[in-house]
There are 2 protein chains.
Amino acid sequence: MHPLFWIAPAGSILSLLFAFYLSRTTKRFDEGTDVMRQIAQAIREGARAYLKRQYRVVTIIFAVVFVILLVLALSNMLPIFVPFIFVSGGFFSALSGFIGMTQATNSSARTTNAARTSLNSALRVAFGAGGVMGFVVVGLSLLDLSFWFFILNWVYRALSMNERLLVVTQTIVCYGMGASFQALFARVGGGIFTKAADVGADLVGKVEADIPEDDPRNPATIADNVGDNVGDVAGMGADLYESYVGSIVATMALAYAAGLGMMGVLLPLILAAIGVFSSIIGTFLVQTREEASQRVLLFAIRKGIWSASICMAILSALAIRFIFPSHFNFYWPILVGLACGVFIGFSTEFFTSDTYTPTRGIAAAAKTGPATVVLEGLSVGMKATIPPVVVVALAIIAGYYLPGGVTRPAYGLFGVAIAAVGMLSTLCITLATDAYGPVADNAGGNAEMSHLPKEVRTRTDALDAIGNTTAATGKGFAIGSAALTVLALIAAYRSQILILAEKIDLRITNPFVIIGLFIGAMMPYAFCSQTIKAVGRAAGLIVFEVRRQFKEIEGLLEEKAKPDYAQAVDICTVAAQKEMIIPSLMAIIVPILIGILLGPNGVIGLLVGAMISGFVVALMMANTGGAWDNAKKYIEKGELGGKGSPEHKAAVVGDTVGDPFKDTAGPSLNILIKLMSTVSIVFAGFILRFTLFK
Amino acid sequence: MHPLFWIAPAGSILSLLFAFYLSRTTKRFDEGTDVMRQIAQAIREGARAYLKRQYRVVTIIFAVVFVILLVLALSNMLPIFVPFIFVSGGFFSALSGFIGMTQATNSSARTTNAARTSLNSALRVAFGAGGVMGFVVVGLSLLDLSFWFFILNWVYRALSMNERLLVVTQTIVCYGMGASFQALFARVGGGIFTKAADVGADLVGKVEADIPEDDPRNPATIADNVGDNVGDVAGMGADLYESYVGSIVATMALAYAAGLGMMGVLLPLILAAIGVFSSIIGTFLVQTREEASQRVLLFAIRKGIWSASICMAILSALAIRFIFPSHFNFYWPILVGLACGVFIGFSTEFFTSDTYTPTRGIAAAAKTGPATVVLEGLSVGMKATIPPVVVVALAIIAGYYLPGGVTRPAYGLFGVAIAAVGMLSTLCITLATDAYGPVADNAGGNAEMSHLPKEVRTRTDALDAIGNTTAATGKGFAIGSAALTVLALIAAYRSQILILAEKIDLRITNPFVIIGLFIGAMMPYAFCSQTIKAVGRAAGLIVFEVRRQFKEIEGLLEEKAKPDYAQAVDICTVAAQKEMIIPSLMAIIVPILIGILLGPNGVIGLLVGAMISGFVVALMMANTGGAWDNAKKYIEKGELGGKGSPEHKAAVVGDTVGDPFKDTAGPSLNILIKLMSTVSIVFAGFILRFTLFK
């Protein structure tokens, strides 16, 4: 094995050790009063129970797919290690979600308790919890990828270097399918859970019974807090796990296709390790002074991300100079990727933060009622697709041209892929800023439920508000990198088909390509239709349950009796399990079906159509949802009539519509398009054998 | 000139004569009481005033584009007749919108008066008015196309047949750009007008002042009725004018590219003439018996469309047998197109009519408030994109394969184009069913404002309800045919570029194609963001004006004083003029800009991206909007609490959100994608000369 390879496992272990250090630091803080502990315990148990049930369902589905893959592998339609690497990807994705969520549920009461003394220590606890998630996701994925890379190279050591890299990259690219499949279940299931609980709790609690958010009398309030953890922590962790490994394995495959040899294949792994180091430096810089304004708090977090990015830019330049002395051009796409991520973050902030005109415009539209809030929000979200599309277009051009794509197209495609790696290289810290949001949110819930003094809630609210902005930024990262990664995966699929010695006619005038494009463009709509409806259905169940408890449990509203929190958690859990299966299976079945009916040309059309359509729909949903949420919060701050005014009620409608947009349907789309791509790659041999039109 | 050519002008004159006959028949009916006449007169004047102002603005823009085209033609970058044919397309499109609207405004009071005696005579009057529009649109377009075809053939008579057909088809395809440009202004301007008035009138009238729809005390009520005419009649007429000529001229261009000679080029014109004849037969079959149920009424209209379709299927088989004895295969795409249109109609009806579960589900969601109505509606609209996409995919495959696209791709593309001609061949009667809706709607308004007995309003309401379904069906036709037409236009653009002796690399792996696709997929969102916002802004102006009149005009609410209707009409007119310009110019500027920046490959990517994304967004918007409207009507019938209940209020929110979806943003998208395509064709020479990347 090449000595440089060892940088990757070293980086992964560094990442895991740092996660362990952060976790220990958090543990030193106290969980506070008995009430606070009890609440934290209830949430912890609910979240564990949910994940256990989810993993049981997913295990069965994974077992079925494993058997199918094994049959294909034994029939020589797949490299033999693919079924195992598929399971491995799914397992480690689930494991990192589980660890991250455990840490988050362990930290919310500690954050609340820290907020009783100072804002800075609360920030450190919450951010530390997010950091555990970030470094575990990166550490586990790098460790597992390194493990497989080592094993496969050892197993195939008898082959020539070129043959060996072919089979290694062809096998390892299937790692992405396991990770994506698991991520889709986690995102969709968690997303349905969290929004069903949230919407259900709000519809009865705020609107009918007129009690505030997170009120302990509301039977769905624990479920709501559990949802933050299973959806926004475990779900998001699995999501970014698959984004991260997806970009790495796609780049490895394209490095082989570009004839860059072992060094090219190793490059994304090495860049990932450098990213870990840069993120650790950034993490130490996240702190704030007492009673800081929103702007100062946001800057405290930004400081960390920017330092990590600058560090990454410098170190990766040195790395490329050392690894590819004659191809320093490969450095530019990395820089472009980093810049692209930062810019998409800015754009998201502009459209979703209440310091700018778009979100304030939505709040102002509340003067003429809920319909205009919805229309204005959709208009803002649609406009918000423009800057990221332009930026990604520029990144594609730059990624393609700067490494010399004009003379060698394979270098160009590799450049686009490595731009995605660059964008995600500082994932440890960006994910930390993202995962810290739900911890702060839960901390606020805990403060409310344990009737702590008002200043505690004010501090956690300050953290939570920043969490909304960083969450929107994180979604921008996930979808921006997804566009580049899918492009790389499509290129990988194409070279796979070419290796299998088939002709392809990818011209847009080929009717199969066109039909694939149409169906692909429709896929995100069919998918979102399912997930949005699922949230509505599950929320309806919660509404009836909460109403039932209000009616049947005597003295509940007077706080003389306790609601049955567990029942609400249970309903969400069962509903989410049931509802997540069909949309997730769509992502597997449709590409195979299209492959059989329309052949590889149709499949590529499908993937491209889903990529471009999914990209804009996801951007629209993330931005619209974030903007509605913050428009509501803007009114709650006392603008335009404040809480309880008709304007506020209108804004709540917008926020409720936005919930499944931004937390269920929207963020699942980037997984959907990647899963469709990896499924096509894994089943390429099968599709070619059984297709009606080649 | 080939003798078969004369079928086209003969068909056009037949169409115009039949329109004249229908118009005379309507004129024989009486306009009713003095009050009824006055109301009709006010609406007539408002609509005229609007169209005059709109045509003034559009004339200036057309003049500017004319000069630009003239410069290009004089620099040899365009055939010399293009600027003139461009203006001609715009003029006749505007003329048919004007005639149709005049007829509609002349017929609403007559329909009301006829409804005082019987349902059948009211149906005959309203349907006759719609028929005038249908036959005028088809008659004028066929007449003008025949005129130019004759003139161009005469001017270039010295050229060889092949050279002559090249320059004739290249010139005549630019007719589509004039028609589309005018249509976009009419659809966007009219759509903004009608929805600003509608939303504004509802927001203050129904919600704040608690007076019913169409109440004469509401200052925006005349503007609302004017809007139905300028948006749903004049706007839609211009829209389908451009759909119709777009499909014909694209097919003519592809007939040349496929080497089918004069007969191939004439085929679409001849099919259009056969369609006129078939539609006349269908029109005579539209009648109903007294006090018919919704189902019977709908069947009365369906009978007409189906008979016309069957007639068309038989006659066109004979025509093909006679014109292309050796190529009877060209008949199948026509049949596929006809069937495809009928199927999309069914699908639309399923998702938007309250006799089926989707719309009833939206109504049921009103039990948990406006947010769930909006979510459920979006979910239904998203799902409604599936059947049309599948049908259009099948139509593309069938249109491509049945005429022998495998061995001769050019035949395949011609087949796809002629499927669109088949779908639109019975336009006279489908447009009649579509344009009759606003007449019935206005008739209802007139009945309300002139305080006629309740049974009159019941009769006009029955007609109006069917109008909602036929309007949704009409939109399905427009967008379904647009997908096929744009495909044909893209193929025409490609052959244009190939003729100009340039290489094209249309593989989806070309980064310029990819970037074009991304930007294209974003275009419908950028466009809808603008138009939705415009409606909101204009509606806001109306809200303030209505509030002002309620406050300042003493005795208005007690019906002792009359509101200033003209002022509200004026505000809508000015706002619509202002707001329609930017979105319309986007359609012209973006393809040229992309052409200069990314070259022809980028342009084709742009057009394909906009086509697939625009198709699904338009379907989603049309279906969602229609379903929301009918869910509200379903509740108004007395279900789920009926009028005035919280459920009804929640459903009204959905309906208001849906208004700009279904009548402004959505239906403009099919024009947008066609205009972008024709602009690319017209400016192809210019783009090739100045592009940075060839």
# chains A, B, ... in the order shown; residues from 1 in each chain; ligands from 1

$ residues_around --residues "region 83-88 of chain B" --least-positions-apart "2" --cutoff "6 Å" --atoms "only C-alpha atoms" --output "short mmCIF file (atom, residue, chain, number, x, y, z; two decimals) with C-alpha atoms, in the first residue's frame"
data_model
loop_
_atom_site.label_atom_id
_atom_site.label_comp_id
_atom_site.auth_asym_id
_atom_site.auth_seq_id
_atom_site.Cartn_x
_atom_site.Cartn_y
_atom_site.Cartn_z
CA PHE B 66 -38.85 44.82 -35.33
CA LEU B 69 -34.72 42.04 -36.50
CA LEU B 70 -34.53 44.36 -39.50
CA PHE B 81 -39.02 38.59 -44.50
CA GLY B 90 -48.18 39.39 -33.22
CA PHE B 91 -50.86 41.41 -34.98
CA TYR B 175 -44.14 33.56 -37.25
CA GLY B 178 -44.41 37.09 -32.97
#

$ residues_around --residues "Val226 (chain A)" --least-positions-apart "5" --cutoff "7 Å" --atoms "only C-alpha atoms" --output "ChimeraX atom specification"
/A:43,46-47

$ write_last_selection --atoms "N, CA and C atoms" --output "mmCIF file, in the first residue's frame"
data_model
loop_
_atom_site.group_PDB
_atom_site.id
_atom_site.type_symbol
_atom_site.label_atom_id
_atom_site.label_comp_id
_atom_site.auth_asym_id
_atom_site.auth_seq_id
_atom_site.Cartn_x
_atom_site.Cartn_y
_atom_site.Cartn_z
ATOM 1 N N ILE A 43 -37.007 12.484 26.782
ATOM 2 C CA ILE A 43 -36.670 12.721 25.374
ATOM 3 C C ILE A 43 -35.677 11.663 24.908
ATOM 4 N N GLY A 46 -37.461 8.404 24.341
ATOM 5 C CA GLY A 46 -38.296 8.459 23.140
ATOM 6 C C GLY A 46 -37.455 8.349 21.887
ATOM 7 N N ALA A 47 -36.349 9.082 21.872
ATOM 8 C CA ALA A 47 -35.493 9.097 20.684
ATOM 9 C C ALA A 47 -34.869 7.715 20.461
#

$ select_by_dssp --residues "region 106-263 of chain A" --states "alpha helix (DSSP H)" --output "PyMOL selection string"
chain A and resi 106-115+119-155+161-172+175-202+221-227+236-257+261-263

$ closest_atom_pairs --of "chain A" --to "chain B" --cutoff "7 Å" --atoms "only C-alpha atoms" --output "JSON lines"
{"residue": "A:Pro370", "atom": "CA", "partner": "B:Val653", "partner_atom": "CA", "distance": 6.8}
{"residue": "A:Ala371", "atom": "CA", "partner": "B:Val653", "partner_atom": "CA", "distance": 5.1}
{"residue": "A:Thr372", "atom": "CA", "partner": "B:Gly536", "partner_atom": "CA", "distance": 6.8}
{"residue": "A:Val374", "atom": "CA", "partner": "B:Val657", "partner_atom": "CA", "distance": 6.9}
{"residue": "A:Leu375", "atom": "CA", "partner": "B:Val657", "partner_atom": "CA", "distance": 6.1}
{"residue": "A:Glu376", "atom": "CA", "partner": "B:Lys533", "partner_atom": "CA", "distance": 6.4}
{"residue": "A:Ser379", "atom": "CA", "partner": "B:Ser529", "partner_atom": "CA", "distance": 4.2}
{"residue": "A:Val380", "atom": "CA", "partner": "B:Ser529", "partner_atom": "CA", "distance": 6.8}
{"residue": "A:Met382", "atom": "CA", "partner": "B:Tyr525", "partner_atom": "CA", "distance": 5.0}
{"residue": "A:Lys383", "atom": "CA", "partner": "B:Ala526", "partner_atom": "CA", "distance": 5.4}
{"residue": "A:Thr385", "atom": "CA", "partner": "B:Met522", "partner_atom": "CA", "distance": 6.8}
{"residue": "A:Ile386", "atom": "CA", "partner": "B:Met522", "partner_atom": "CA", "distance": 6.8}
{"residue": "A:Val389", "atom": "CA", "partner": "B:Ile519", "partner_atom": "CA", "distance": 6.5}
{"residue": "A:Ala393", "atom": "CA", "partner": "B:Ile515", "partner_atom": "CA", "distance": 5.3}
{"residue": "A:Ile396", "atom": "CA", "partner": "B:Pro511", "partner_atom": "CA", "distance": 6.9}
{"residue": "A:Ile397", "atom": "CA", "partner": "B:Pro511", "partner_atom": "CA", "distance": 6.6}
{"residue": "A:Leu506", "atom": "CA", "partner": "B:Arg507", "partner_atom": "CA", "distance": 4.9}
{"residue": "A:Arg507", "atom": "CA", "partner": "B:Arg507", "partner_atom": "CA", "distance": 4.4}
{"residue": "A:Ile508", "atom": "CA", "partner": "B:Leu506", "partner_atom": "CA", "distance": 5.9}
{"residue": "A:Pro511", "atom": "CA", "partner": "B:Ile397", "partner_atom": "CA", "distance": 6.6}
{"residue": "A:Ile515", "atom": "CA", "partner": "B:Ala393", "partner_atom": "CA", "distance": 5.3}
{"residue": "A:Leu517", "atom": "CA", "partner": "B:Ile612", "partner_atom": "CA", "distance": 6.9}
{"residue": "A:Phe518", "atom": "CA", "partner": "B:Ile612", "partner_atom": "CA", "distance": 5.4}
{"residue": "A:Ile519", "atom": "CA", "partner": "B:Val389", "partner_atom": "CA", "distance": 6.5}
{"residue": "A:Ala521", "atom": "CA", "partner": "B:Ser613", "partner_atom": "CA", "distance": 6.2}
{"residue": "A:Met522", "atom": "CA", "partner": "B:Val616", "partner_atom": "CA", "distance": 6.2}
{"residue": "A:Tyr525", "atom": "CA", "partner": "B:Met382", "partner_atom": "CA", "distance": 5.0}
{"residue": "A:Ala526", "atom": "CA", "partner": "B:Lys383", "partner_atom": "CA", "distance": 5.4}
{"residue": "A:Ser529", "atom": "CA", "partner": "B:Ser379", "partner_atom": "CA", "distance": 4.2}
{"residue": "A:Ile532", "atom": "CA", "partner": "B:Ser379", "partner_atom": "CA", "distance": 6.2}
{"residue": "A:Lys533", "atom": "CA", "partner": "B:Ser379", "partner_atom": "CA", "distance": 6.0}
{"residue": "A:Gly536", "atom": "CA", "partner": "B:Thr372", "partner_atom": "CA", "distance": 6.8}
{"residue": "A:Ile612", "atom": "CA", "partner": "B:Phe518", "partner_atom": "CA", "distance": 5.4}
{"residue": "A:Ser613", "atom": "CA", "partner": "B:Ala521", "partner_atom": "CA", "distance": 6.2}
{"residue": "A:Val616", "atom": "CA", "partner": "B:Met522", "partner_atom": "CA", "distance": 6.3}
{"residue": "A:Val653", "atom": "CA", "partner": "B:Ala371", "partner_atom": "CA", "distance": 5.1}
{"residue": "A:Thr656", "atom": "CA", "partner": "B:Ala371", "partner_atom": "CA", "distance": 6.0}
{"residue": "A:Val657", "atom": "CA", "partner": "B:Ala371", "partner_atom": "CA", "distance": 5.4}

$ write_last_selection --atoms "C-alpha atoms" --output "CSV table (one decimal), in the first residue's frame"
chain,number,residue,atom,x,y,z
A,370,PRO,CA,-52.4,33.8,5.3
A,371,ALA,CA,-52.9,33.5,1.5
A,372,THR,CA,-50.6,36.4,0.8
A,374,VAL,CA,-48.0,31.7,1.4
A,375,LEU,CA,-47.8,33.4,-2.0
A,376,GLU,CA,-45.1,35.9,-1.0
A,379,SER,CA,-42.2,33.9,-4.6
A,380,VAL,CA,-39.2,34.4,-2.3
A,382,MET,CA,-38.5,30.6,-6.1
A,383,LYS,CA,-36.3,33.6,-6.5
A,385,THR,CA,-33.0,29.4,-6.6
A,386,ILE,CA,-31.3,31.8,-8.9
A,389,VAL,CA,-27.9,27.8,-9.7
A,393,ALA,CA,-23.0,26.6,-13.0
A,396,ILE,CA,-19.1,23.3,-13.0
A,397,ILE,CA,-17.4,25.5,-15.7
A,506,LEU,CA,-26.5,10.7,-25.0
A,507,ARG,CA,-27.6,13.3,-27.4
A,508,ILE,CA,-30.5,15.3,-26.1
A,511,PRO,CA,-36.1,10.1,-27.6
A,515,ILE,CA,-38.3,10.7,-21.9
A,517,LEU,CA,-35.4,13.7,-18.7
A,518,PHE,CA,-39.2,14.2,-18.4
A,519,ILE,CA,-39.6,11.4,-15.9
A,521,ALA,CA,-37.9,16.1,-13.7
A,522,MET,CA,-41.2,14.6,-12.4
A,525,TYR,CA,-42.6,16.1,-7.4
A,526,ALA,CA,-43.9,12.5,-7.1
A,529,SER,CA,-46.2,14.6,-3.0
A,532,ILE,CA,-45.8,16.0,2.3
A,533,LYS,CA,-49.0,13.9,2.4
A,536,GLY,CA,-50.2,15.7,6.9
A,612,ILE,CA,-31.7,19.5,-12.2
A,613,SER,CA,-35.3,19.4,-11.1
A,616,VAL,CA,-34.2,23.7,-7.8
A,653,VAL,CA,-49.9,29.3,8.6
A,656,THR,CA,-46.7,25.3,9.2
A,657,VAL,CA,-46.8,24.9,5.4

$ atom_distance --atom1 "CA of Glu163 (chain A)" --atom2 "CA of Phe686 (chain A)"
21.4 Å

$ closest_residue --among "B:Phe181, B:Phe127, B:Phe98, B:Trp332" --to "Pro583 (chain B)" --atoms "only C-alpha atoms"
B:Phe181

$ residues_around --residues "Tyr356 (chain B)" --least-positions-apart "3" --cutoff "12 Å" --atoms "only C-alpha atoms" --output "count of residues only"
18

$ residues_around --residues "Ser146 (chain A)" --least-positions-apart "6" --cutoff "12 Å" --atoms "only C-alpha atoms" --output "list in words"
Met1, Leu4, Phe5, Trp6, Ile7, Ala8, Pro9, Ala10, Gly11, Ser12, Ile13, Val138, Gly139, Leu140, Leu152, Asn153, Val168, Ile172, Tyr175, Val245, Ile248, Val249, Val265, Leu266, Pro268, Leu269, Ile270, Ala272 and Ala273 of chain A

$ atom_distance --atom1 "CA of Arg44 (chain B)" --atom2 "CA of Thr288 (chain B)"
28.6 Å

$ residues_around --residues "region 194-198 of chain A" --least-positions-apart "3" --cutoff "9 Å" --atoms "only C-alpha atoms" --output "MDAnalysis selection string"
chainID A and resid 189:191 201:203 220:232 534:543 568:569 572 575:576 656 659:660 663:664

$ residues_around --residues "Asp30 (chain B)" --least-positions-apart "5" --cutoff "12 Å" --atoms "only C-alpha atoms" --output "compact mmCIF listing (two decimals) with N, CA and C atoms, in the first residue's frame"
# COMPACT_ATOMS: atom_id res chain seq x y z
N THR B 25 -75.92 34.50 -34.63
CA THR B 25 -76.91 33.76 -33.85
C THR B 25 -77.02 34.33 -32.44
N MET B 36 -79.09 45.25 -16.53
CA MET B 36 -78.22 44.22 -17.11
C MET B 36 -77.36 44.83 -18.23
N ARG B 37 -78.02 45.64 -19.07
CA ARG B 37 -77.29 46.29 -20.16
C ARG B 37 -76.17 47.19 -19.63
N ASN B 106 -70.00 40.86 -25.29
CA ASN B 106 -71.33 41.06 -25.86
C ASN B 106 -72.29 39.96 -25.45
N SER B 107 -71.76 38.85 -24.95
CA SER B 107 -72.62 37.68 -24.73
C SER B 107 -73.00 37.44 -23.29
N SER B 108 -72.29 38.06 -22.32
CA SER B 108 -72.55 37.68 -20.94
C SER B 108 -73.97 38.06 -20.52
N ALA B 109 -74.39 39.30 -20.82
CA ALA B 109 -75.74 39.71 -20.44
C ALA B 109 -76.77 38.86 -21.19
N ARG B 110 -76.46 38.53 -22.44
CA ARG B 110 -77.38 37.70 -23.23
C ARG B 110 -77.51 36.30 -22.62
N THR B 111 -76.39 35.79 -22.09
CA THR B 111 -76.46 34.49 -21.43
C THR B 111 -77.33 34.57 -20.18
N THR B 112 -77.14 35.63 -19.41
CA THR B 112 -77.96 35.82 -18.21
C THR B 112 -79.43 35.87 -18.58
N ASN B 113 -79.72 36.64 -19.62
CA ASN B 113 -81.11 36.80 -20.04
C ASN B 113 -81.68 35.48 -20.53
N ALA B 114 -80.86 34.73 -21.27
CA ALA B 114 -81.32 33.42 -21.75
C ALA B 114 -81.56 32.48 -20.58
N ALA B 115 -80.74 32.63 -19.52
CA ALA B 115 -80.90 31.77 -18.35
C ALA B 115 -82.19 32.06 -17.62
N ARG B 116 -82.79 33.22 -17.91
CA ARG B 116 -84.08 33.52 -17.28
C ARG B 116 -85.16 32.59 -17.84
N THR B 117 -84.95 32.11 -19.07
CA THR B 117 -85.96 31.19 -19.62
C THR B 117 -85.54 29.73 -19.54
N SER B 121 -80.85 27.21 -23.57
CA SER B 121 -80.56 28.38 -24.40
C SER B 121 -79.39 29.16 -23.82
N ALA B 122 -79.26 29.17 -22.47
CA ALA B 122 -78.10 29.84 -21.87
C ALA B 122 -76.82 29.14 -22.31
N VAL B 125 -76.00 30.09 -25.91
CA VAL B 125 -75.44 31.44 -26.06
C VAL B 125 -73.99 31.47 -25.60

$ residues_around --residues "Leu22 (chain A)" --least-positions-apart "6" --cutoff "8 Å" --atoms "only C-alpha atoms" --output "ChimeraX atom specification"
/A:128-129,131-132

$ atom_distance --atom1 "CA of Ser481 (chain B)" --atom2 "CA of Ser243 (chain B)"
7.3 Å
